[in-house]
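Structure file target.cif (mmCIF, C-alpha atoms and all ligand atoms) follows.
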```cif
data_input
loop_
_atom_site.group_PDB
_atom_site.id
_atom_site.type_symbol
_atom_site.label_atom_id
_atom_site.label_comp_id
_atom_site.auth_asym_id
_atom_site.auth_seq_id
_atom_site.Cartn_x
_atom_site.Cartn_y
_atom_site.Cartn_z
ATOM 1 C CA MET A 1 -9.528 -5.136 41.450
ATOM 2 C CA PRO A 2 -9.711 -8.465 39.544
ATOM 3 C CA LYS A 3 -9.861 -7.722 35.841
ATOM 4 C CA GLU A 4 -12.467 -10.514 35.439
ATOM 5 C CA SER A 5 -15.010 -8.217 37.120
ATOM 6 C CA LEU A 6 -14.415 -5.424 34.606
ATOM 7 C CA THR A 7 -16.349 -4.663 31.451
ATOM 8 C CA VAL A 8 -15.050 -2.816 28.401
ATOM 9 C CA ARG A 9 -17.654 -0.797 26.484
ATOM 10 C CA THR A 10 -17.861 2.088 24.037
ATOM 11 C CA ALA A 11 -17.961 5.438 25.817
ATOM 12 C CA ILE A 12 -21.122 7.539 25.686
ATOM 13 C CA ALA A 13 -21.380 11.349 25.785
ATOM 14 C CA ASP A 14 -22.105 11.339 29.539
ATOM 15 C CA ASP A 15 -18.750 9.686 30.264
ATOM 16 C CA TYR A 16 -16.825 12.880 29.517
ATOM 17 C CA GLU A 17 -16.497 13.928 33.175
ATOM 18 C CA SER A 18 -15.182 10.534 34.352
ATOM 19 C CA ILE A 19 -12.768 10.253 31.434
ATOM 20 C CA ALA A 20 -11.507 13.820 31.952
ATOM 21 C CA LYS A 21 -10.881 13.147 35.666
ATOM 22 C CA LEU A 22 -9.152 9.845 34.978
ATOM 23 C CA ILE A 23 -6.779 11.284 32.363
ATOM 24 C CA HIS A 24 -6.105 14.358 34.489
ATOM 25 C CA GLN A 25 -5.211 12.064 37.404
ATOM 26 C CA SER A 26 -3.015 9.927 35.187
ATOM 27 C CA HIS A 27 -1.181 12.992 33.844
ATOM 28 C CA THR A 28 -0.655 14.480 37.305
ATOM 29 C CA ILE A 29 0.128 11.246 39.218
ATOM 30 C CA SER A 30 1.406 8.587 36.799
ATOM 31 C CA PHE A 31 3.348 11.058 34.640
ATOM 32 C CA ALA A 32 5.031 12.794 37.621
ATOM 33 C CA PRO A 33 8.151 10.529 37.655
ATOM 34 C CA PHE A 34 9.124 11.337 34.060
ATOM 35 C CA ALA A 35 7.369 14.574 33.021
ATOM 36 C CA SER A 36 8.621 18.004 34.082
ATOM 37 C CA ARG A 37 7.113 19.597 37.163
ATOM 38 C CA GLU A 38 5.984 22.605 35.113
ATOM 39 C CA TRP A 39 4.126 20.334 32.682
ATOM 40 C CA VAL A 40 2.411 18.407 35.479
ATOM 41 C CA GLU A 41 1.460 21.569 37.375
ATOM 42 C CA SER A 42 0.025 23.230 34.294
ATOM 43 C CA ARG A 43 -2.606 20.491 33.707
ATOM 44 C CA LEU A 44 -6.052 22.018 34.199
ATOM 45 C CA LEU A 45 -9.015 19.688 34.794
ATOM 46 C CA SER A 46 -11.345 22.196 33.107
ATOM 47 C CA LYS A 47 -9.425 21.822 29.827
ATOM 48 C CA TYR A 48 -9.710 18.042 29.980
ATOM 49 C CA ARG A 49 -13.476 18.388 30.565
ATOM 50 C CA ASP A 50 -13.890 20.700 27.572
ATOM 51 C CA ARG A 51 -11.826 18.423 25.330
ATOM 52 C CA TRP A 52 -13.654 15.211 26.243
ATOM 53 C CA LYS A 53 -17.077 16.826 26.163
ATOM 54 C CA GLU A 54 -16.366 17.900 22.615
ATOM 55 C CA LEU A 55 -14.781 14.616 21.508
ATOM 56 C CA LEU A 56 -17.645 12.503 22.849
ATOM 57 C CA SER A 57 -20.419 14.752 21.588
ATOM 58 C CA GLY A 58 -19.409 14.396 17.923
ATOM 59 C CA ASN A 59 -20.935 11.696 15.783
ATOM 60 C CA HIS A 60 -17.713 10.446 14.253
ATOM 61 C CA SER A 61 -18.239 6.974 12.845
ATOM 62 C CA THR A 62 -14.525 6.345 12.336
ATOM 63 C CA ALA A 63 -13.569 7.152 15.921
ATOM 64 C CA ALA A 64 -14.316 5.280 19.102
ATOM 65 C CA THR A 65 -13.519 5.769 22.746
ATOM 66 C CA PHE A 66 -13.566 2.707 24.968
ATOM 67 C CA VAL A 67 -13.792 2.557 28.753
ATOM 68 C CA ALA A 68 -13.187 -0.233 31.245
ATOM 69 C CA HIS A 69 -15.555 -0.048 34.200
ATOM 70 C CA GLN A 70 -16.197 -1.840 37.466
ATOM 71 C CA PRO A 71 -19.572 -3.491 38.237
ATOM 72 C CA ASP A 72 -20.699 -0.266 39.983
ATOM 73 C CA GLY A 73 -19.947 1.741 36.825
ATOM 74 C CA THR A 74 -16.709 3.360 38.013
ATOM 75 C CA ILE A 75 -14.460 3.952 35.003
ATOM 76 C CA VAL A 76 -10.894 2.740 35.595
ATOM 77 C CA GLY A 77 -9.378 2.925 32.107
ATOM 78 C CA THR A 78 -9.871 4.444 28.687
ATOM 79 C CA VAL A 79 -8.476 4.561 25.148
ATOM 80 C CA ARG A 80 -9.472 6.270 21.884
ATOM 81 C CA VAL A 81 -8.896 5.406 18.234
ATOM 82 C CA ALA A 82 -9.717 7.939 15.508
ATOM 83 C CA SER A 83 -9.185 8.069 11.761
ATOM 84 C CA LEU A 84 -6.546 10.506 10.525
ATOM 85 C CA GLU A 85 -6.184 12.665 7.430
ATOM 86 C CA SER A 86 -2.567 11.780 6.785
ATOM 87 C CA ASN A 87 -0.696 10.200 3.882
ATOM 88 C CA GLU A 88 1.229 7.863 6.087
ATOM 89 C CA PHE A 89 -1.224 6.766 8.784
ATOM 90 C CA ASP A 90 -4.943 6.150 8.534
ATOM 91 C CA ALA A 91 -5.676 6.333 12.260
ATOM 92 C CA GLN A 92 -4.248 7.302 15.615
ATOM 93 C CA LEU A 93 -4.525 5.699 19.045
ATOM 94 C CA ASN A 94 -4.466 8.122 21.959
ATOM 95 C CA GLY A 95 -5.768 8.740 25.459
ATOM 96 C CA MET A 96 -4.624 5.320 26.749
ATOM 97 C CA HIS A 97 -4.850 5.619 30.539
ATOM 98 C CA VAL A 98 -5.551 3.362 33.492
ATOM 99 C CA GLU A 99 -6.474 4.793 36.880
ATOM 100 C CA PRO A 100 -3.088 5.250 38.675
ATOM 101 C CA SER A 101 -3.835 2.825 41.545
ATOM 102 C CA ALA A 102 -5.031 0.122 39.115
ATOM 103 C CA THR A 103 -2.109 -0.108 36.674
ATOM 104 C CA GLY A 104 -0.328 -3.411 36.082
ATOM 105 C CA HIS A 105 -3.417 -5.649 36.380
ATOM 106 C CA GLY A 106 -4.249 -6.196 32.730
ATOM 107 C CA ILE A 107 -6.777 -3.351 32.288
ATOM 108 C CA GLY A 108 -4.660 -1.586 29.671
ATOM 109 C CA SER A 109 -4.298 -4.879 27.791
ATOM 110 C CA MET A 110 -8.093 -5.392 27.768
ATOM 111 C CA LEU A 111 -8.519 -1.904 26.317
ATOM 112 C CA MET A 112 -5.759 -2.424 23.758
ATOM 113 C CA GLU A 113 -7.377 -5.655 22.549
ATOM 114 C CA ARG A 114 -10.684 -3.837 22.099
ATOM 115 C CA ALA A 115 -8.994 -0.935 20.305
ATOM 116 C CA ILE A 116 -7.278 -3.339 17.890
ATOM 117 C CA GLU A 117 -10.614 -5.108 17.198
ATOM 118 C CA PHE A 118 -12.051 -1.713 16.260
ATOM 119 C CA MET A 119 -9.062 -0.921 14.007
ATOM 120 C CA LYS A 120 -9.582 -4.230 12.191
ATOM 121 C CA ALA A 121 -13.322 -3.632 11.838
ATOM 122 C CA GLN A 122 -12.575 -0.213 10.321
ATOM 123 C CA ALA A 123 -9.941 -1.800 8.029
ATOM 124 C CA PHE A 124 -7.269 0.622 9.258
ATOM 125 C CA THR A 125 -3.925 -0.556 7.870
ATOM 126 C CA ASN A 126 -1.359 1.703 9.531
ATOM 127 C CA VAL A 127 -2.055 3.263 12.925
ATOM 128 C CA GLU A 128 0.197 5.602 14.897
ATOM 129 C CA LEU A 129 0.540 6.734 18.467
ATOM 130 C CA GLY A 130 2.804 9.227 20.207
ATOM 131 C CA VAL A 131 4.273 8.657 23.652
ATOM 132 C CA ILE A 132 6.517 10.856 25.776
ATOM 133 C CA ALA A 133 9.957 9.411 25.005
ATOM 134 C CA SER A 134 10.852 9.011 28.695
ATOM 135 C CA ASN A 135 7.644 7.060 29.480
ATOM 136 C CA ASP A 136 9.457 3.708 29.601
ATOM 137 C CA GLY A 137 6.530 1.811 31.149
ATOM 138 C CA ALA A 138 4.087 2.766 28.412
ATOM 139 C CA ARG A 139 6.697 2.080 25.711
ATOM 140 C CA ARG A 140 7.183 -1.459 27.097
ATOM 141 C CA PHE A 141 3.414 -1.883 27.174
ATOM 142 C CA TYR A 142 2.992 -0.796 23.528
ATOM 143 C CA GLU A 143 5.915 -2.950 22.364
ATOM 144 C CA LYS A 144 4.357 -5.971 24.121
ATOM 145 C CA HIS A 145 1.206 -5.338 22.094
ATOM 146 C CA GLY A 146 3.074 -5.358 18.790
ATOM 147 C CA TRP A 147 3.677 -1.633 18.235
ATOM 148 C CA GLN A 148 6.975 -0.795 16.544
ATOM 149 C CA LEU A 149 9.086 2.295 16.971
ATOM 150 C CA HIS A 150 8.592 4.446 13.862
ATOM 151 C CA ASN A 151 10.269 7.764 14.635
ATOM 152 C CA GLU A 152 11.705 9.866 17.445
ATOM 153 C CA LEU A 153 10.845 13.574 17.608
ATOM 154 C CA PRO A 154 13.454 15.235 19.874
ATOM 155 C CA ASP A 155 11.570 18.572 19.841
ATOM 156 C CA GLY A 156 8.268 16.756 20.215
ATOM 157 C CA ILE A 157 5.217 18.587 21.527
ATOM 158 C CA GLU A 158 5.619 21.679 23.731
ATOM 159 C CA GLY A 159 9.374 20.864 23.742
ATOM 160 C CA VAL A 160 8.796 17.370 25.218
ATOM 161 C CA PRO A 161 10.569 14.598 23.208
ATOM 162 C CA ILE A 162 8.053 12.169 21.700
ATOM 163 C CA ALA A 163 8.430 8.649 20.295
ATOM 164 C CA ILE A 164 6.072 7.691 17.468
ATOM 165 C CA TYR A 165 5.017 4.046 17.251
ATOM 166 C CA SER A 166 3.109 2.314 14.475
ATOM 167 C CA LEU A 167 0.951 -0.788 14.201
ATOM 168 C CA LYS A 168 -0.432 -2.629 11.193
ATOM 169 C CA PRO A 169 -3.547 -4.181 12.778
HETATM 170 C C1 LIG B 1 0.467 2.237 30.105
HETATM 171 C C2 LIG B 1 -0.825 1.688 30.725
HETATM 172 C C3 LIG B 1 -2.024 2.187 29.930
HETATM 173 C C4 LIG B 1 -0.783 0.152 30.664
HETATM 174 O O1 LIG B 1 -1.959 -0.359 31.256
HETATM 175 P P1 LIG B 1 -1.836 -1.436 32.440
HETATM 176 O O2 LIG B 1 -3.189 -1.876 32.800
HETATM 177 O O3 LIG B 1 -1.003 -0.843 33.514
HETATM 178 O O4 LIG B 1 -1.004 -2.582 31.691
HETATM 179 P P2 LIG B 1 -1.220 -4.162 31.765
HETATM 180 O O5 LIG B 1 -1.368 -4.572 33.179
HETATM 181 O O6 LIG B 1 -2.252 -4.572 30.796
HETATM 182 O O7 LIG B 1 0.186 -4.629 31.188
HETATM 183 C C5 LIG B 1 1.320 -4.538 32.050
HETATM 184 C C6 LIG B 1 2.484 -4.039 31.254
HETATM 185 O O8 LIG B 1 2.370 -2.658 31.003
HETATM 186 C C7 LIG B 1 3.619 -2.024 31.235
HETATM 187 N N1 LIG B 1 3.405 -0.966 32.238
HETATM 188 C C8 LIG B 1 3.444 0.340 31.947
HETATM 189 N N2 LIG B 1 3.218 1.084 33.023
HETATM 190 C C9 LIG B 1 3.014 0.241 34.040
HETATM 191 C C10 LIG B 1 2.726 0.426 35.400
HETATM 192 N N3 LIG B 1 2.634 1.644 35.956
HETATM 193 N N4 LIG B 1 2.559 -0.651 36.179
HETATM 194 C C11 LIG B 1 2.696 -1.880 35.625
HETATM 195 N N5 LIG B 1 2.932 -2.119 34.325
HETATM 196 C C12 LIG B 1 3.102 -1.069 33.535
HETATM 197 C C13 LIG B 1 4.603 -3.062 31.565
HETATM 198 O O9 LIG B 1 5.232 -3.426 30.336
HETATM 199 C C14 LIG B 1 3.791 -4.200 32.052
HETATM 200 O O10 LIG B 1 4.344 -5.409 31.716
HETATM 201 P P3 LIG B 1 5.514 -6.043 32.618
HETATM 202 O O11 LIG B 1 4.983 -6.059 34.004
HETATM 203 O O12 LIG B 1 5.708 -7.391 32.023
HETATM 204 O O13 LIG B 1 6.683 -5.142 32.436
HETATM 205 C C15 LIG B 1 -0.978 2.112 32.217
HETATM 206 O O14 LIG B 1 0.100 1.586 32.975
HETATM 207 C C16 LIG B 1 -1.090 3.600 32.418
HETATM 208 O O15 LIG B 1 -2.158 4.162 32.390
HETATM 209 N N6 LIG B 1 0.056 4.261 32.648
HETATM 210 C C17 LIG B 1 0.059 5.685 32.910
HETATM 211 C C18 LIG B 1 -0.471 6.478 31.741
HETATM 212 C C19 LIG B 1 0.341 6.283 30.492
HETATM 213 O O16 LIG B 1 1.570 6.256 30.513
HETATM 214 N N7 LIG B 1 -0.386 6.187 29.369
HETATM 215 C C20 LIG B 1 0.210 6.094 28.070
HETATM 216 C C21 LIG B 1 0.192 7.440 27.451
HETATM 217 S S1 LIG B 1 0.946 7.434 25.835
#
```
So that I can check it, write out the structure of this file as C-alpha cells.
Amino acid sequence: MPKESLTVRTAIADDYESIAKLIHQSHTISFAPFASREWVESRLLSKYRDRWKELLSGNHSTAATFVAHQPDGTIVGTVRVASLESNEFDAQLNGMHVEPSATGHGIGSMLMERAIEFMKAQAFTNVELGVIASNDGARRFYEKHGWQLHNELPDGIEGVPIAIYSLKP
C-alpha cells in the first residue's frame, strides 16, 4: 500500500464503525505481543462502536479525529486530538492506530503530521499522550516525532503500567 495513494481527512460521524473496527483489530492483533491475554480477550467490538459513535457525534470544536484512507475509501489509520481540562496539559492525543497489516509504511507519520498541524492551529502549547509502557514500537514512533517522556505510572490504567509523553507543538 504506497502511502502516496493515501489521503488524510477529518473523520465524519459515519466513520465510527470503520474506526471502531480498526482500533479493535489493533488492540487485539498489534497489542497481543505486549498486552496481557486477559486484556486482549476482554476487548469488545460493541464497546468500541459505542465509544466512537459518541465521540464523532459531538460537535466539539477543539477536538478532531483524522483518518487515512485508500482511494476506495477504506480507512487504514486514525488519530484523535482533543482539548483537556487540566492544569498541566491543554490537549491529549489518543487513538493513534494503523491497520495491523499496514504498519511501518509511513501512515502513522502522515497522521501525526496532521495532528500536529491541528494542535498548532488550536494554539495548544502542551499536549500529552499515554502509551502502554511495554509498547516499545509506539514509544519509538512517538520519540521520533518529538514527544518526550514526561512521567511513568507503574499502576497505570486497569493495572497496566503507562508512560506519559508530552509535546510542545
Ligand atoms: C505506532 C503506529 C501508529 C505507528 O504508525 P506506522 O505507520 O506503523 O509508523 P511509520 O511507518 O510512520 O513510522 C515507523 C516507525 O514507527 C515505529 N513503529 C512502531 N510500531 C511499528 C510497527 N509495528 N512496524 C513498524 N514500525 C513501527 C518505529 O519506530 C518505526 O521506525 P523505525 O522503523 O525506524 O524503527 C503503528 O505502528 C500502530 O498502529 N501500532 C499498533 C498500535 C499502537 O501501538 N498504537 C499506539 C497506541 S498508544
With all atoms listed in the file counted, collect every polymer residue having an atom within 10 Å of ligand LIG 1 (chain B); state the result as a VMD selection string. chain A and resid 3 22 to 23 25 to 32 34 76 to 79 93 to 113 129 to 145 162 to 164
Write out as a PyMOL selection string the residues lying within 12 Å of Tyr16 (chain A), counting only C-alpha atoms and excluding same-chain residues fewer than 5 positions away. chain A and resi 11+21-24+45-58+65-67+75+78
Output the residue selection produced by the PyMOL selection byres (((chain A and resi 169) around 12) and not hetatm) on the file above, formatted as a VMD selection string. chain A and resid 89 to 93 112 to 128 145 to 148 166 to 168
May I ask for the distance between CA of Ser18 (chain A) and CA of Ile157 (chain A), given in Å to one decimal place?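 Separating CA of Ser18 (chain A) from CA of Ile157 (chain A) is a distance of 25.4 Å.
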Using all atoms listed in the file, the shortest atom-to-atom distance to Thr74 (chain A) among A:Val160, A:Ala13, A:Leu6, A:Leu149 belongs to A:Leu6
